[in-house]
Structures are given as C-alpha cells and as structure tokens.
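This is query08.txt. It holds compact mmCIF, N, CA and C atoms and all ligand atoms.
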# COMPACT_ATOMS: atom_id res chain seq x y z
N MET A 1 18.22 -22.70 42.82
CA MET A 1 17.26 -23.68 43.38
C MET A 1 15.94 -22.98 43.65
N PRO A 2 14.88 -23.54 43.14
CA PRO A 2 13.59 -22.89 43.33
C PRO A 2 13.05 -23.06 44.74
N ASN A 3 12.27 -22.14 45.14
CA ASN A 3 11.59 -22.28 46.42
C ASN A 3 10.09 -22.40 46.20
N TYR A 4 9.48 -23.13 47.07
CA TYR A 4 8.06 -23.41 46.92
C TYR A 4 7.30 -22.96 48.14
N ASP A 5 6.12 -22.45 47.88
CA ASP A 5 5.25 -22.06 48.98
C ASP A 5 4.20 -23.14 49.18
N TYR A 6 4.01 -23.47 50.43
CA TYR A 6 3.01 -24.48 50.76
C TYR A 6 1.97 -23.87 51.68
N GLU A 7 0.79 -24.42 51.58
CA GLU A 7 -0.26 -24.01 52.49
C GLU A 7 -1.01 -25.24 52.96
N CYS A 8 -1.19 -25.31 54.25
CA CYS A 8 -1.87 -26.46 54.82
C CYS A 8 -3.37 -26.33 54.61
N LYS A 9 -3.98 -27.39 54.10
CA LYS A 9 -5.43 -27.37 53.89
C LYS A 9 -6.18 -27.48 55.20
N VAL A 10 -5.50 -28.00 56.21
CA VAL A 10 -6.18 -28.27 57.47
C VAL A 10 -6.12 -27.08 58.41
N CYS A 11 -4.89 -26.63 58.72
CA CYS A 11 -4.76 -25.57 59.71
C CYS A 11 -4.43 -24.22 59.08
N GLY A 12 -4.19 -24.22 57.77
CA GLY A 12 -3.93 -22.95 57.09
C GLY A 12 -2.50 -22.46 57.24
N HIS A 13 -1.66 -23.25 57.86
CA HIS A 13 -0.26 -22.86 58.05
C HIS A 13 0.43 -22.79 56.68
N SER A 14 1.10 -21.67 56.43
CA SER A 14 1.81 -21.54 55.16
C SER A 14 3.29 -21.36 55.43
N TYR A 15 4.08 -21.94 54.58
CA TYR A 15 5.52 -21.85 54.75
C TYR A 15 6.20 -21.98 53.39
N ARG A 16 7.46 -21.62 53.38
CA ARG A 16 8.24 -21.67 52.14
C ARG A 16 9.39 -22.63 52.32
N LYS A 17 9.64 -23.41 51.29
CA LYS A 17 10.69 -24.40 51.38
C LYS A 17 11.53 -24.39 50.10
N PHE A 18 12.82 -24.41 50.28
CA PHE A 18 13.72 -24.52 49.14
C PHE A 18 13.92 -25.98 48.79
N GLN A 19 13.67 -26.30 47.53
CA GLN A 19 13.78 -27.69 47.11
C GLN A 19 14.38 -27.77 45.72
N LYS A 20 14.96 -28.91 45.45
CA LYS A 20 15.38 -29.18 44.08
C LYS A 20 14.15 -29.54 43.26
N MET A 21 14.29 -29.32 41.96
CA MET A 21 13.18 -29.66 41.06
C MET A 21 12.86 -31.14 41.13
N THR A 22 13.90 -31.92 41.35
CA THR A 22 13.72 -33.37 41.33
C THR A 22 13.16 -33.89 42.64
N GLU A 23 13.20 -33.04 43.64
CA GLU A 23 12.74 -33.48 44.96
C GLU A 23 11.21 -33.58 44.99
N ASP A 24 10.74 -34.53 45.73
CA ASP A 24 9.30 -34.68 45.87
C ASP A 24 8.73 -33.52 46.68
N PRO A 25 7.58 -33.01 46.27
CA PRO A 25 6.98 -31.92 47.05
C PRO A 25 6.46 -32.41 48.39
N ASP A 26 6.39 -31.48 49.31
CA ASP A 26 5.84 -31.81 50.63
C ASP A 26 4.38 -32.21 50.51
N ARG A 27 4.01 -33.13 51.36
CA ARG A 27 2.61 -33.55 51.34
C ARG A 27 1.93 -33.33 52.68
N THR A 28 2.74 -33.21 53.70
CA THR A 28 2.14 -33.07 55.02
C THR A 28 2.61 -31.80 55.71
N CYS A 29 1.75 -31.25 56.52
CA CYS A 29 2.03 -30.03 57.26
C CYS A 29 2.97 -30.34 58.42
N PRO A 30 4.02 -29.52 58.57
CA PRO A 30 4.94 -29.74 59.68
C PRO A 30 4.30 -29.43 61.04
N LYS A 31 3.20 -28.75 61.03
CA LYS A 31 2.56 -28.39 62.29
C LYS A 31 1.54 -29.43 62.73
N CYS A 32 0.64 -29.79 61.79
CA CYS A 32 -0.47 -30.66 62.19
C CYS A 32 -0.50 -31.97 61.42
N ASN A 33 0.48 -32.16 60.51
CA ASN A 33 0.53 -33.39 59.71
C ASN A 33 -0.64 -33.50 58.74
N GLY A 34 -1.34 -32.42 58.55
CA GLY A 34 -2.45 -32.41 57.59
C GLY A 34 -1.93 -32.30 56.17
N GLU A 35 -2.85 -32.37 55.24
CA GLU A 35 -2.47 -32.31 53.83
C GLU A 35 -2.15 -30.88 53.43
N VAL A 36 -1.03 -30.71 52.71
CA VAL A 36 -0.66 -29.39 52.23
C VAL A 36 -0.77 -29.33 50.72
N ARG A 37 -0.97 -28.13 50.21
CA ARG A 37 -0.93 -27.96 48.76
C ARG A 37 0.17 -26.98 48.43
N ARG A 38 0.80 -27.21 47.27
CA ARG A 38 1.90 -26.35 46.86
C ARG A 38 1.34 -25.18 46.05
N LEU A 39 1.72 -24.00 46.45
CA LEU A 39 1.29 -22.81 45.73
C LEU A 39 2.31 -22.49 44.66
N ILE A 40 1.85 -22.34 43.45
CA ILE A 40 2.77 -22.04 42.36
C ILE A 40 2.95 -20.54 42.25
N GLY A 41 4.13 -20.10 42.56
CA GLY A 41 4.43 -18.67 42.46
C GLY A 41 5.38 -18.42 41.32
N LEU A 42 5.46 -17.19 40.88
CA LEU A 42 6.39 -16.82 39.82
C LEU A 42 7.62 -16.20 40.44
N GLY A 43 8.75 -16.81 40.23
CA GLY A 43 9.99 -16.28 40.76
C GLY A 43 10.07 -16.36 42.27
N GLY A 44 9.26 -17.22 42.85
CA GLY A 44 9.28 -17.36 44.30
C GLY A 44 8.82 -16.12 45.02
N GLY A 45 8.09 -15.28 44.32
CA GLY A 45 7.65 -14.03 44.91
C GLY A 45 6.33 -14.18 45.65
N VAL A 46 5.64 -13.10 45.70
CA VAL A 46 4.37 -13.08 46.42
C VAL A 46 3.29 -13.76 45.60
N ILE A 47 2.48 -14.50 46.27
CA ILE A 47 1.33 -15.10 45.60
C ILE A 47 0.34 -14.00 45.25
N PHE A 48 -0.41 -14.24 44.18
CA PHE A 48 -1.26 -13.18 43.64
C PHE A 48 -2.38 -12.80 44.59
N LYS A 49 -2.05 -11.89 45.43
CA LYS A 49 -3.06 -11.35 46.32
C LYS A 49 -3.03 -9.84 46.19
N GLY A 50 -4.15 -9.23 46.29
CA GLY A 50 -4.20 -7.78 46.21
C GLY A 50 -4.39 -7.30 44.79
N SER A 51 -4.44 -6.00 44.64
CA SER A 51 -4.79 -5.42 43.35
C SER A 51 -3.56 -5.16 42.49
N GLY A 52 -2.39 -5.26 43.07
CA GLY A 52 -1.18 -4.92 42.33
C GLY A 52 -0.90 -5.83 41.16
N PHE A 53 -1.51 -6.99 41.16
CA PHE A 53 -1.24 -7.98 40.14
C PHE A 53 -1.62 -7.50 38.75
N TYR A 54 -2.68 -6.71 38.68
CA TYR A 54 -3.22 -6.36 37.37
C TYR A 54 -2.58 -5.11 36.75
N THR A 55 -1.75 -4.41 37.54
CA THR A 55 -1.30 -3.10 37.09
C THR A 55 -0.43 -3.18 35.84
N THR A 56 0.34 -4.27 35.69
CA THR A 56 1.24 -4.35 34.55
C THR A 56 0.49 -4.60 33.26
N ASP A 57 -0.62 -5.29 33.35
CA ASP A 57 -1.35 -5.70 32.16
C ASP A 57 -2.52 -4.78 31.85
N TYR A 58 -2.84 -3.95 32.77
CA TYR A 58 -4.05 -3.15 32.64
C TYR A 58 -3.84 -1.99 31.67
N ARG A 59 -4.71 -1.90 30.72
CA ARG A 59 -4.64 -0.80 29.78
C ARG A 59 -5.69 0.24 30.19
N SER A 60 -5.20 1.35 30.64
CA SER A 60 -6.09 2.39 31.12
C SER A 60 -6.74 3.12 29.94
N PRO A 61 -7.85 3.79 30.20
CA PRO A 61 -8.48 4.60 29.13
C PRO A 61 -7.53 5.64 28.57
N GLU A 62 -6.66 6.19 29.43
CA GLU A 62 -5.70 7.18 28.96
C GLU A 62 -4.72 6.55 27.97
N TYR A 63 -4.31 5.33 28.31
CA TYR A 63 -3.37 4.63 27.43
C TYR A 63 -3.99 4.36 26.06
N LEU A 64 -5.24 3.91 26.06
CA LEU A 64 -5.91 3.59 24.81
C LEU A 64 -6.12 4.85 23.97
N LYS A 65 -6.43 5.94 24.65
CA LYS A 65 -6.64 7.21 23.95
C LYS A 65 -5.34 7.67 23.30
N LYS A 66 -4.26 7.52 24.06
CA LYS A 66 -2.96 7.93 23.55
C LYS A 66 -2.56 7.10 22.34
N ALA A 67 -2.80 5.78 22.45
CA ALA A 67 -2.45 4.88 21.37
C ALA A 67 -3.26 5.20 20.12
N LYS A 68 -4.51 5.58 20.33
CA LYS A 68 -5.38 5.92 19.21
C LYS A 68 -4.89 7.20 18.53
N GLU A 69 -4.51 8.17 19.35
CA GLU A 69 -4.01 9.42 18.81
C GLU A 69 -2.73 9.21 18.02
N GLU A 70 -1.90 8.30 18.55
CA GLU A 70 -0.64 8.03 17.88
C GLU A 70 -0.86 7.38 16.52
N SER A 71 -1.82 6.44 16.46
CA SER A 71 -2.10 5.76 15.20
C SER A 71 -2.72 6.73 14.20
N GLN A 72 -3.47 7.69 14.72
CA GLN A 72 -4.08 8.69 13.84
C GLN A 72 -3.03 9.63 13.27
N SER A 73 -2.06 9.98 14.10
CA SER A 73 -1.04 10.92 13.65
C SER A 73 -0.13 10.27 12.63
N THR A 74 0.09 8.97 12.75
CA THR A 74 0.95 8.30 11.78
C THR A 74 0.22 8.13 10.45
N SER A 75 -1.12 7.92 10.51
CA SER A 75 -1.88 7.74 9.28
C SER A 75 -2.05 9.06 8.56
N SER A 76 -2.00 10.16 9.32
CA SER A 76 -2.21 11.46 8.70
C SER A 76 -1.00 11.86 7.85
N THR A 77 0.15 11.25 8.12
CA THR A 77 1.33 11.59 7.34
C THR A 77 1.21 11.06 5.92
N SER A 78 0.35 10.07 5.71
CA SER A 78 0.19 9.51 4.38
C SER A 78 -0.83 10.30 3.56
N SER A 79 -1.52 11.22 4.21
CA SER A 79 -2.48 12.03 3.47
C SER A 79 -1.75 13.15 2.72
N CYS A 80 -2.48 13.83 1.96
CA CYS A 80 -1.90 14.88 1.10
C CYS A 80 -1.19 15.95 1.92
N SER A 81 -0.02 16.31 1.52
CA SER A 81 0.76 17.29 2.27
C SER A 81 0.35 18.70 1.89
N CYS A 82 -0.35 18.84 0.79
CA CYS A 82 -0.71 20.18 0.33
C CYS A 82 -1.98 20.68 1.02
N CYS A 83 -3.02 19.85 1.01
CA CYS A 83 -4.28 20.33 1.55
C CYS A 83 -4.74 19.50 2.75
N SER A 84 -3.89 18.58 3.22
CA SER A 84 -4.17 17.75 4.37
C SER A 84 -5.50 17.01 4.27
N THR A 85 -5.83 16.61 3.10
CA THR A 85 -7.01 15.80 2.90
C THR A 85 -6.58 14.39 2.50
N LYS A 86 -7.24 13.43 3.07
CA LYS A 86 -6.88 12.07 2.74
C LYS A 86 -7.36 11.72 1.34
N ASN A 87 -6.56 10.91 0.65
CA ASN A 87 -6.88 10.48 -0.72
C ASN A 87 -7.13 11.68 -1.63
N CYS A 88 -6.30 12.65 -1.46
CA CYS A 88 -6.47 13.86 -2.28
C CYS A 88 -6.15 13.55 -3.74
N SER A 89 -7.01 13.91 -4.63
CA SER A 89 -6.79 13.62 -6.06
C SER A 89 -6.47 14.87 -6.86
N THR A 90 -6.59 16.01 -6.22
CA THR A 90 -6.41 17.25 -6.99
C THR A 90 -4.96 17.70 -7.03
N CYS A 91 -4.20 17.42 -5.97
CA CYS A 91 -2.84 17.96 -5.94
C CYS A 91 -1.80 16.90 -5.63
N LYS A 92 -1.79 15.83 -6.40
CA LYS A 92 -0.81 14.79 -6.21
C LYS A 92 0.55 15.19 -6.77
ZN ZN B 101 -1.43 -27.84 59.22

Using structure tokens, write down the structure from this file.
Amino acid sequence: MPNYDYECKVCGHSYRKFQKMTEDPDRTCPKCNGEVRRLIGLGGGVIFKGSGFYTTDYRSPEYLKKAKEESQSTSSTSSCSCCSTKNCSTCK
C-alpha cells in the first residue's frame, strides 16, 4: 500500500498517510481544515530536498575523463599492432 505525503497550503503542516490507490486523496488539513496538496514522492521516501538528489545522475569531470580514456584505449586496439599507428598501410 502506497503512502502519500501531504502538505497544507495554509499552515504548512505536513504529514504522511497510508492510502489505497483507489482511495480519494486528502483535501483538507487535519489541523486547520485548510487546503492540502499531495506531494509525489518516489517509494514513499524523502521529498527532493537538499543536494543529495543529484549525486546519482551527476557525471563528474573525473568520470568523463575516465570514460574518454576508456574509449580511446579500446579504439587503439584496432590500430596497427606493429607500429601503433592508426590506419597503418605499411605493415598490414
Ligand atoms: Zn493546515
């Protein structure tokens, strides 16, 4: 059963509620009866706050450099094995 996070637009009260998918979402704040909005979270976890969110997708300069080196090393295997020159025509 999924859980949903709500935040009151009026008083800012936030709470989490376990609901069935078929159940209607909350519309009113249990504290002040104001209008609430449902926060869509992934896996019922933390809402995207803070810098940690980007760490999984962030490609660091080190990563890009490594990837570039790897692609270069794989392409170098296709070059001539005798004189290590690409497209070598003298010693095929
Ligand atoms: Zn409220």

Would you list the residues that come within 6 Å of ligand ZN 101 (chain B)? Count only C-alpha atoms and all ligand atoms and give the answer as a ChimeraX atom specification.
-> /A:8,10-13,29,31-34

Do a neighbour search on A:Asp26 at 7 Å with only N, CA and C atoms, toss out local chain neighbours closer than 3 positions, and write the hits as an mmCIF file with N, CA and C atoms, in the coordinates of the input.
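The result, stored in around-v6.cif:
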data_model
loop_
_atom_site.group_PDB
_atom_site.id
_atom_site.type_symbol
_atom_site.label_atom_id
_atom_site.label_comp_id
_atom_site.auth_asym_id
_atom_site.auth_seq_id
_atom_site.Cartn_x
_atom_site.Cartn_y
_atom_site.Cartn_z
ATOM 1 N N GLU A 23 13.200 -33.040 43.640
ATOM 2 C CA GLU A 23 12.740 -33.480 44.960
ATOM 3 C C GLU A 23 11.210 -33.580 44.990
ATOM 4 N N CYS A 29 1.750 -31.250 56.520
ATOM 5 C CA CYS A 29 2.030 -30.030 57.260
ATOM 6 C C CYS A 29 2.970 -30.340 58.420
ATOM 7 N N VAL A 36 -1.030 -30.710 52.710
ATOM 8 C CA VAL A 36 -0.660 -29.390 52.230
ATOM 9 C C VAL A 36 -0.770 -29.330 50.720
ATOM 10 N N ARG A 37 -0.970 -28.130 50.210
ATOM 11 C CA ARG A 37 -0.930 -27.960 48.760
ATOM 12 C C ARG A 37 0.170 -26.980 48.430
ATOM 13 N N ARG A 38 0.800 -27.210 47.270
ATOM 14 C CA ARG A 38 1.900 -26.350 46.860
ATOM 15 C C ARG A 38 1.340 -25.180 46.050
#

Which distance in Å separates atom N of A:Tyr6 and atom N of A:Ile40, to one decimal?
-> 7.4 Å

Atomic separation - atom C of A:Ala67 relative to atom C of A:Ser89, Å | 28.8 Å

Atomic separation - atom C of A:Ser60 relative to atom CA of A:Ser73, Å |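 If I compute the distance from atom CA of A:Ser73 to atom C of A:Ser60, I get 18.9 Å.
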
Judged by only C-alpha atoms, the minimum distance to A:Ser14 among A:Arg27, A:Leu39, A:Gln72, A:Tyr63 is found for A:Leu39

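Among the candidates A:Arg16, A:Glu69, A:Glu7, A:Pro2, the residue lying nearest to A:Thr28 is A:Glu7 (atoms considered: all atoms listed in the file).
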